[in-house]
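**Student:** So that we are looking at the same thing, I have put the structure below in structure tokens.
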Amino acid sequence: MIELDYDTIVIGAGPAGLASAIKAKELGLKTVLVENKDILGGIPLQCIHPGFGLQYFKEDLTGTEFIYRLFDKMEKIGVEYLLKAHVYSVELVAHNEKVVNVITPKGIMRLRSKTIVYTVGAREKSIFEINIIGDRPGAGIYTAGEAQTLMDLYGILPGKEIVIVGSGDVGLIMARRFALEGAKVKSVIELMPYPGGTMRNIVQCLQDYSIPLYLSHKAIRIIGNERVEKVVVAKVDENLKPIEKCKFEIPCDTVILAAGLVPNVSILEKIGMIMDPCTGGPMVNEFLETNVPGIFVAGNALVVNDLVDYVVEQGEQAAEGAFYFVQNNGLPTINWKRVVRGRNIRLIVPHYISGERDIILYARVQKPEKNVLVTIPEIAWKMKLSNVRPAEMIRAKLSKTTLESARFEDKVTVEVNTQ
Amino acid sequence: MKMKVVIVGAGVVGSSIARVLSMYDNFDIILVEKEPDVGWGASKANTSIIHPGHEEEPNIHPHRAKLCKEGNRLWRQWARELDIPVKWPGELMIFYNSEEEKIARKYIELAKSNNIPGVRIFYQEELRKMEPSINPNAIGAVYAPTAGIISPFEAVIAIVENAVDNGVRLLTETKVEGIKIAEGRVRGVMTNMGFIEADIVINAAGIYSDEISSMAGVDSGFTVRPRRGEYLLFDEDIRIKPERILHTIPTPISKGVYAITTIHGNLMIGPTAEDLSVEAKEDTSTSEIGLEYLWNEAGKLLREPPSRTKVIRTFAGLRPEPPDGHWLIEAYTEPFGFINVAGIRSPGFTSSPALAHHVVNLIKAKYDINLVMKRKWNPYRSDIAKVGHMSLREADKLISENPDYGEIVCYCKTVSKAEILEAIKRMKKIGLKTVTLDGIKFRTGAGLGTCQGSFCRCRIALLISKYMDMPLHKVVVKKKPYGIGEVKELLKTERSE
Amino acid sequence: MNEQEFICIICPSSCTLKAYTKSDGTIKVDGALCPRGIEYAKQEITDPRRIVISVVKVKNGNLPTVSIKTSKPVPKKCITAIMKATASIELEAPVEIGQVIIKDICGSDIVATRRIKKFVNKSI
């Protein structure tokens, strides 16, 4: 077995991990980036649509172009990385010592490190998790990410008569991909009374191709012997329960599941990390450090993001946190203030702030509203927004000065109210 | 001159018979299966239990009682010989009130009649100590220590690999459509792949065993009805998982609802028991009512029911129900050479090893054959080495011998490239015509985890595509391909119009 | 006068815009919070344009496809023609980001957006 020592191990080489490893190296940390596939880049490698890097590079790049910019940056700085390296387990030795057990074709590697940055991303919900019952034909059912991998990396067409479950951006993007390649997208089914994705995508992915969007509808059951043949769909009531009389069948040969992402954190749960049930990811402080000292999380493993720019920003923040940790043999003792979810806030990270530094808050609302004020009652801070939607993450930068007035508070509440 | 034997159906019953028959020099055995792989009927969609045998009435179902007990004993040897994952935690039949307790006591008496060892009742405090996960409303349970949990699909695969190693020929995607009988003797079977000569035809076709039986023109009243059982399967990472097998009191049509921790570490709740029409033999769909019922039962059995967000799979299987639950086991002289091993419902899986020996004895007696044991018969078969099940040190050594063991393809279950390639090799070795993604799943565990294949299915398909030298979109999932063509397929077709 | 309704996609405000084409050909836009919205509505009426994205086949590369996009937004009605053009392309690896795959189609180029390295198919 190979044993190596590092200041920081970054697990997962998607945009969060790449940005984190680059920043860690820039800051002078002895870093290694561990990736279990045979290629770096993560999900953006298969995202051939634009919308990436508007803030980070000030350009509208495709996911592919964006990730290559990060590769170029990485090559220039010379970040050490491992491919085909699967993290099997993490052992906690001391607050400043962890061992990451990695399975590689060269054998088992035990990587000892002061800090870990965990950036493995999220996974897609399966058909069973969203309670679709019926037949299990095997052929014709794909998650949106899987369909995207098949079409846009490996050049395979999954099917030709498509029903998409879920109107988040991933589902909408795939609707357009199928339509462009000549498939018939029968409909997009959305459980909520409002779409899950951005308006830009509703217009450019659905309206442009006359793809019907069924709001307040649920996909209930699959019918199909050897391949998908039909989906049974029903309108739902205010409690999101299917209405018997409003059931109908849509003949199709393919069902694409775009029903949401879940942070991939099972390996962290095993070492006693505390998760936030709202985000599905770990509870973190403003350094993005979890309750396990020295383990930082960023990107979709922390909270499901919509913009890669935020993912990269979180990755860099985590590296800065790791740097601070390594320099001071641990983050300092701080009277952490709890960040509390107020009215119409469904989730918010970080969960703890010090009030002694500039911070960035990332939040999502529970339900859409127009003309709102996002406020923190404990301090004199507010942000005006004309439109808030669950699908569009709110990012708020708060300076140390602004947070000054919360000096004697033990919590800060973030809430959304109509103006 | 060897006797040609055709066994119809490569489920647990058919493959067990093949294995035992292969011990003898007398037979040339062909195992015929209509699906692309073995064990795809009831054998892969059941509760995974090896029953003790105290739930069988020896006066009403003498076969079931005798062979269940013997099968329970034999599985210990078979699991060792064939390297099948199995554990023996024992079971608790739980009762919640005094009426149910009265029924439960019946099973103590049955245990005595059947000579099943160690069956006894535990109450309250002792019961909680035996099994902390039990619901506090349970007042007691009948404990049977000889119950086991096996991996049913891996078991059938292991039996078939061993049978083929010992000379059995497997023909998949081969459906029996008729039986040729001339001069009162079996001559062979007609299939979609042509005629196969046979002196003996053994019907182990499970849910279709009534159709095969009627092709031989015997026992005209015999029908098999599908009795559907639905299941909930949960993520490994849930807090309350039973150590022992838990189940409710049996009903006239089922053994009760079970809560078990499978050999792979997942909580599983089920089955329901619902009689479907005779035409519904392919209906393995799940239903809202069935699954809702199971959620209820989960709450009844366990101290804390699992969260709805932790379901990773729901599925259903069809039990082959014969009239009155009577197994039809008979070696006929008219036509000579036709043997029914039909309608083998619960405790079919448990009984299979014993049932196989019973059938061989039936052949010997009824057809007056002098059985000669092979001098060289290999009882052993080892499973694919699995890097995810080893210590780090063992894994390191294995990887140094074969670096493909260090390339992990399925992250949820830590399945390596070497295991996938080995599974492909073994599928080809037993003679499967099509390497399917499901076949890989059952042999390696890849795709059985939390993500249910959303990350790894594509990677596994790429490996199949490369090593079977076929286009990626043509890789078969279960019965139909992964994709319908190259991504420009439809645009190209439009162009030519 | 004919009225068309749009949801503006320029910024998250997603203003509902009502655009009227007057008899003299000019366009009046109501409901926009900023001039970009007015521009968007006018463009959508007179000459709606989109960036088209897809993949094309690559031979002997480390991946069998390269992702492509139109370098500029093209008229919406050209999307079908562009997609058909992608159907018959077979590039040879390597491919560089920004490499022009088809020059001058509907007023734009089709360029590669992913780097594909040459891959020599080793034996199994």
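Here's how to read the names in the structure tokens: chain A, B, ... by the order shown, residue numbers from 1 in each chain, ligand numbers from 1 in the order shown.
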As number ranges by chain, please: all residues of range 91-182 of chain A that backbone DSSP puts in strand (DSSP E).
**Tutor:** A: 91-94, 97-104, 107-118, 122-124, 133-134, 141-143, 156-157, 161-165
**Student:** If you take only C-alpha atoms and a cut-off of 9 Å, which residues of chain A touch chain B, and what are their nearest atom pairs and distances in Å to one decimal, in chain and number order, as CSV?
**Tutor:**
residue,atom,partner,partner_atom,distance
A:Met1,CA,B:Asp396,CA,6.4
A:Asn36,CA,B:Ile408,CA,7.3
A:Lys37,CA,B:Val409,CA,8.3
A:Lys84,CA,B:Glu407,CA,5.7
A:Ala85,CA,B:Glu407,CA,7.3
A:His86,CA,B:Ile408,CA,6.4
A:Tyr88,CA,B:Thr414,CA,7.7
A:Asn101,CA,B:Leu392,CA,8.3
A:Ile103,CA,B:Gly406,CA,5.5
A:Thr104,CA,B:Gly406,CA,4.4
A:Pro105,CA,B:Gly406,CA,3.8
A:Lys106,CA,B:Pro403,CA,6.3
A:Gly107,CA,B:Asp396,CA,5.0
A:Ile108,CA,B:Asp396,CA,5.2
A:Met109,CA,B:Asp396,CA,8.7
A:Arg123,CA,B:Cys451,CA,6.9
A:Glu124,CA,B:Ser454,CA,7.1
A:Lys125,CA,B:Cys451,CA,7.3
A:Ser126,CA,B:Cys451,CA,6.7
A:Ile127,CA,B:Arg313,CA,8.3
A:Phe128,CA,B:Arg313,CA,5.3
A:Glu129,CA,B:Val311,CA,5.9
A:Ile130,CA,B:Thr309,CA,8.5
A:Asn131,CA,B:Thr314,CA,8.7
A:Ile133,CA,B:Thr286,CA,5.5
A:Gly134,CA,B:Ser285,CA,4.3
A:Asp135,CA,B:Ser285,CA,4.3
A:Arg136,CA,B:Ser285,CA,7.1
A:Pro137,CA,B:Lys478,CA,7.5
A:Gly138,CA,B:Lys478,CA,5.7
A:Ala139,CA,B:Lys480,CA,5.8
A:Gly140,CA,B:Tyr482,CA,7.4
A:Tyr142,CA,B:Ser454,CA,7.4
A:Thr143,CA,B:Ser454,CA,6.3
A:Gly145,CA,B:Ser454,CA,7.7
A:Glu146,CA,B:Ser454,CA,6.0
A:Thr149,CA,B:Cys458,CA,7.9
A:Leu150,CA,B:Cys458,CA,7.3
A:Met151,CA,B:Val487,CA,6.0
A:Asp152,CA,B:Val487,CA,8.5
A:Tyr154,CA,B:Leu472,CA,8.3
A:Gly155,CA,B:Val487,CA,5.0
A:Ile156,CA,B:Glu486,CA,4.4
A:Leu157,CA,B:Val487,CA,4.2
A:Pro158,CA,B:Gly483,CA,4.2
A:Gly159,CA,B:Ile484,CA,5.6
A:Lys160,CA,B:Ile484,CA,7.9
A:Leu180,CA,B:Leu491,CA,8.9
A:Glu181,CA,B:Leu491,CA,6.2
A:Gly182,CA,B:Leu490,CA,5.5
A:Ala183,CA,B:Leu490,CA,7.0
A:Arg221,CA,B:Ser287,CA,8.7
A:Ile222,CA,B:Ser285,CA,8.7
A:Ile223,CA,B:Ser285,CA,8.3
A:Asn225,CA,B:Glu282,CA,8.1
A:Glu226,CA,B:Lys479,CA,5.9
A:Arg227,CA,B:Lys480,CA,6.5
A:Ser266,CA,B:Asp237,CA,7.7
A:Glu269,CA,B:Asp237,CA,8.7
A:Lys270,CA,B:Asp237,CA,8.7
**Student:** If the cut-off is 10 Å, can you tell me the residues of chain C near chain A, counting only C-alpha atoms? I'd like them as a ChimeraX atom specification.
**Tutor:** /C:6-15,50-58,63-69,76,79-80,82-84,86-87,97-98,112-115
**Student:** Fewer than 5 positions away in the same chain doesn't count, so skip those; otherwise give me all residues within 10 Å of Ile240 in chain B, counting only C-alpha atoms, as a PyMOL selection string.
**Tutor:** chain B and resi 132-134+261+267+302-306
**Student:** Produce a file of the selected residues containing N, CA and C atoms, as a PDB file, in the first residue's frame.
**Tutor:**
ATOM      1  N   PRO B 132     -33.787  -5.759  18.965  1.00  0.00           N
ATOM      2  CA  PRO B 132     -34.115  -4.395  19.405  1.00  0.00           C
ATOM      3  C   PRO B 132     -34.935  -3.601  18.390  1.00  0.00           C
ATOM      4  N   SER B 133     -34.945  -4.033  17.127  1.00  0.00           N
ATOM      5  CA  SER B 133     -35.636  -3.225  16.122  1.00  0.00           C
ATOM      6  C   SER B 133     -37.137  -3.452  16.101  1.00  0.00           C
ATOM      7  N   ILE B 134     -37.601  -4.399  16.922  1.00  0.00           N
ATOM      8  CA  ILE B 134     -39.018  -4.771  16.871  1.00  0.00           C
ATOM      9  C   ILE B 134     -39.929  -3.688  17.419  1.00  0.00           C
ATOM     10  N   THR B 261     -33.129  -7.688   6.637  1.00  0.00           N
ATOM     11  CA  THR B 261     -31.962  -7.005   6.092  1.00  0.00           C
ATOM     12  C   THR B 261     -31.339  -8.004   5.132  1.00  0.00           C
ATOM     13  N   LEU B 267     -32.552  -2.962   3.884  1.00  0.00           N
ATOM     14  CA  LEU B 267     -33.837  -3.326   4.485  1.00  0.00           C
ATOM     15  C   LEU B 267     -34.827  -3.617   3.362  1.00  0.00           C
ATOM     16  N   LEU B 302     -41.611  -2.716  12.655  1.00  0.00           N
ATOM     17  CA  LEU B 302     -40.387  -2.112  13.171  1.00  0.00           C
ATOM     18  C   LEU B 302     -40.667  -1.044  14.207  1.00  0.00           C
ATOM     19  N   ARG B 303     -39.700  -0.874  15.086  1.00  0.00           N
ATOM     20  CA  ARG B 303     -39.771   0.149  16.123  1.00  0.00           C
ATOM     21  C   ARG B 303     -39.897   1.529  15.474  1.00  0.00           C
ATOM     22  N   GLU B 304     -39.154   1.725  14.415  1.00  0.00           N
ATOM     23  CA  GLU B 304     -39.207   2.989  13.696  1.00  0.00           C
ATOM     24  C   GLU B 304     -39.226   2.680  12.204  1.00  0.00           C
ATOM     25  N   PRO B 305     -40.315   3.026  11.524  1.00  0.00           N
ATOM     26  CA  PRO B 305     -40.340   2.708  10.096  1.00  0.00           C
ATOM     27  C   PRO B 305     -39.351   3.584   9.338  1.00  0.00           C
ATOM     28  N   PRO B 306     -38.814   3.108   8.225  1.00  0.00           N
ATOM     29  CA  PRO B 306     -37.849   3.903   7.481  1.00  0.00           C
ATOM     30  C   PRO B 306     -38.521   5.114   6.835  1.00  0.00           C
TER      31      PRO B 306
END
**Student:** Just checking: using only C-alpha atoms, which residue out of C:Ala85, C:Leu33, C:Leu91, C:Val111 ends up closest to chain B?
**Tutor:**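 Ranking C:Ala85, C:Leu33, C:Leu91, C:Val111 by distance to chain B, first place goes to C:Ala85.
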**Student:** Would you kindly return, as a list in words, each protein, DNA or RNA residue with an atom no farther than 8 Å from any atom of Asp169 in chain A, considering only C-alpha atoms and excluding same-chain residues fewer than 2 positions away?
**Tutor:**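 Within the cut-off, the hits are Ser167, Gly171, Leu172, Ile173, Gly196, Gly197, Thr198 and Asn201 of chain A.
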**Student:** How about saving the chosen residues, C-alpha atoms kept, as an mmCIF file, in the first residue's frame?
**Tutor:**
data_model
loop_
_atom_site.group_PDB
_atom_site.id
_atom_site.type_symbol
_atom_site.label_atom_id
_atom_site.label_comp_id
_atom_site.auth_asym_id
_atom_site.auth_seq_id
_atom_site.Cartn_x
_atom_site.Cartn_y
_atom_site.Cartn_z
ATOM 1 C CA SER A 167 -39.164 20.994 -15.271
ATOM 2 C CA GLY A 171 -34.955 18.573 -17.819
ATOM 3 C CA LEU A 172 -35.587 21.636 -19.963
ATOM 4 C CA ILE A 173 -32.104 21.506 -21.489
ATOM 5 C CA GLY A 196 -38.733 24.394 -11.819
ATOM 6 C CA GLY A 197 -36.265 26.023 -14.227
ATOM 7 C CA THR A 198 -35.400 29.530 -15.362
ATOM 8 C CA ASN A 201 -35.035 27.881 -20.543
#
**Student:** If you run DSSP on the backbone, which residues of range 115-361 of chain A are alpha helix (DSSP H), as a ChimeraX atom specification?
**Tutor:** /A:144-152,169-180,199-201,266-269,308-328
**Student:** I want to know what sits within 7 Å of Asp60 in chain A, based on only C-alpha atoms, with residues of the same chain fewer than 3 positions away left out; could you give that as a ChimeraX atom specification?
**Tutor:** /A:50-54
**Student:** Tell me, in Å to one decimal, how far CA of Leu463 in chain B is from CA of Ser88 in chain C.
**Tutor:**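 If I compute the distance from CA of Leu463 in chain B to CA of Ser88 in chain C, I get 27.0 Å.
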**Student:** Excluding Val189 in chain B and residues on its chain fewer than 2 positions from it, collect all residues at most 7 Å away from it, counting only C-alpha atoms, and give them as an mmCIF file with N, CA and C atoms, in the first residue's frame.
**Tutor:**
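Once written, selection35.cif looks like this:
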data_model
loop_
_atom_site.group_PDB
_atom_site.id
_atom_site.type_symbol
_atom_site.label_atom_id
_atom_site.label_comp_id
_atom_site.auth_asym_id
_atom_site.auth_seq_id
_atom_site.Cartn_x
_atom_site.Cartn_y
_atom_site.Cartn_z
ATOM 1 N N VAL B 176 -39.971 -23.270 -25.157
ATOM 2 C CA VAL B 176 -40.597 -24.536 -25.541
ATOM 3 C C VAL B 176 -42.019 -24.263 -26.003
ATOM 4 N N GLY B 178 -43.841 -26.853 -27.799
ATOM 5 C CA GLY B 178 -44.595 -28.105 -27.892
ATOM 6 C C GLY B 178 -43.718 -29.267 -27.479
ATOM 7 N N ILE B 179 -44.355 -30.389 -27.134
ATOM 8 C CA ILE B 179 -43.597 -31.586 -26.772
ATOM 9 C C ILE B 179 -43.970 -32.690 -27.752
ATOM 10 N N LYS B 180 -42.931 -33.275 -28.344
ATOM 11 C CA LYS B 180 -43.198 -34.346 -29.323
ATOM 12 C C LYS B 180 -43.311 -35.674 -28.591
ATOM 13 N N THR B 191 -39.066 -25.951 -30.037
ATOM 14 C CA THR B 191 -38.820 -24.621 -29.491
ATOM 15 C C THR B 191 -38.734 -23.611 -30.619
ATOM 16 N N PHE B 195 -36.016 -28.025 -32.995
ATOM 17 C CA PHE B 195 -36.379 -29.227 -32.251
ATOM 18 C C PHE B 195 -35.182 -29.717 -31.441
ATOM 19 N N ILE B 196 -35.446 -30.085 -30.179
ATOM 20 C CA ILE B 196 -34.381 -30.654 -29.351
ATOM 21 C C ILE B 196 -34.813 -32.056 -28.935
ATOM 22 N N GLU B 197 -33.985 -33.006 -29.286
ATOM 23 C CA GLU B 197 -34.299 -34.404 -28.954
ATOM 24 C C GLU B 197 -34.229 -34.631 -27.451
#
**Student:** As a short mmCIF file (atom, residue, chain, number, x, y, z; two decimals) with N, CA and C atoms, in the first residue's frame, please: the residues near Lys72 in chain C (cut-off 8 Å, only C-alpha atoms, same-chain neighbours under 2 positions excluded).
**Tutor:**
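Output contents, as saved in selection.cif:
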data_model
loop_
_atom_site.label_atom_id
_atom_site.label_comp_id
_atom_site.auth_asym_id
_atom_site.auth_seq_id
_atom_site.Cartn_x
_atom_site.Cartn_y
_atom_site.Cartn_z
N ILE C 51 -28.74 30.84 -30.36
CA ILE C 51 -27.49 30.06 -30.52
C ILE C 51 -27.93 28.60 -30.59
N THR C 70 -23.16 27.49 -32.66
CA THR C 70 -23.03 28.54 -33.67
C THR C 70 -22.29 29.69 -33.00
N VAL C 74 -28.31 32.66 -34.58
CA VAL C 74 -28.80 32.57 -35.95
C VAL C 74 -30.31 32.69 -35.97
N GLY C 107 -25.26 32.92 -41.69
CA GLY C 107 -24.67 34.13 -41.11
C GLY C 107 -23.75 33.88 -39.93
N SER C 108 -23.50 32.62 -39.62
CA SER C 108 -22.62 32.33 -38.49
C SER C 108 -21.71 31.17 -38.86
N ASP C 109 -20.71 30.92 -38.02
CA ASP C 109 -19.90 29.71 -38.20
C ASP C 109 -20.37 28.68 -37.19
#
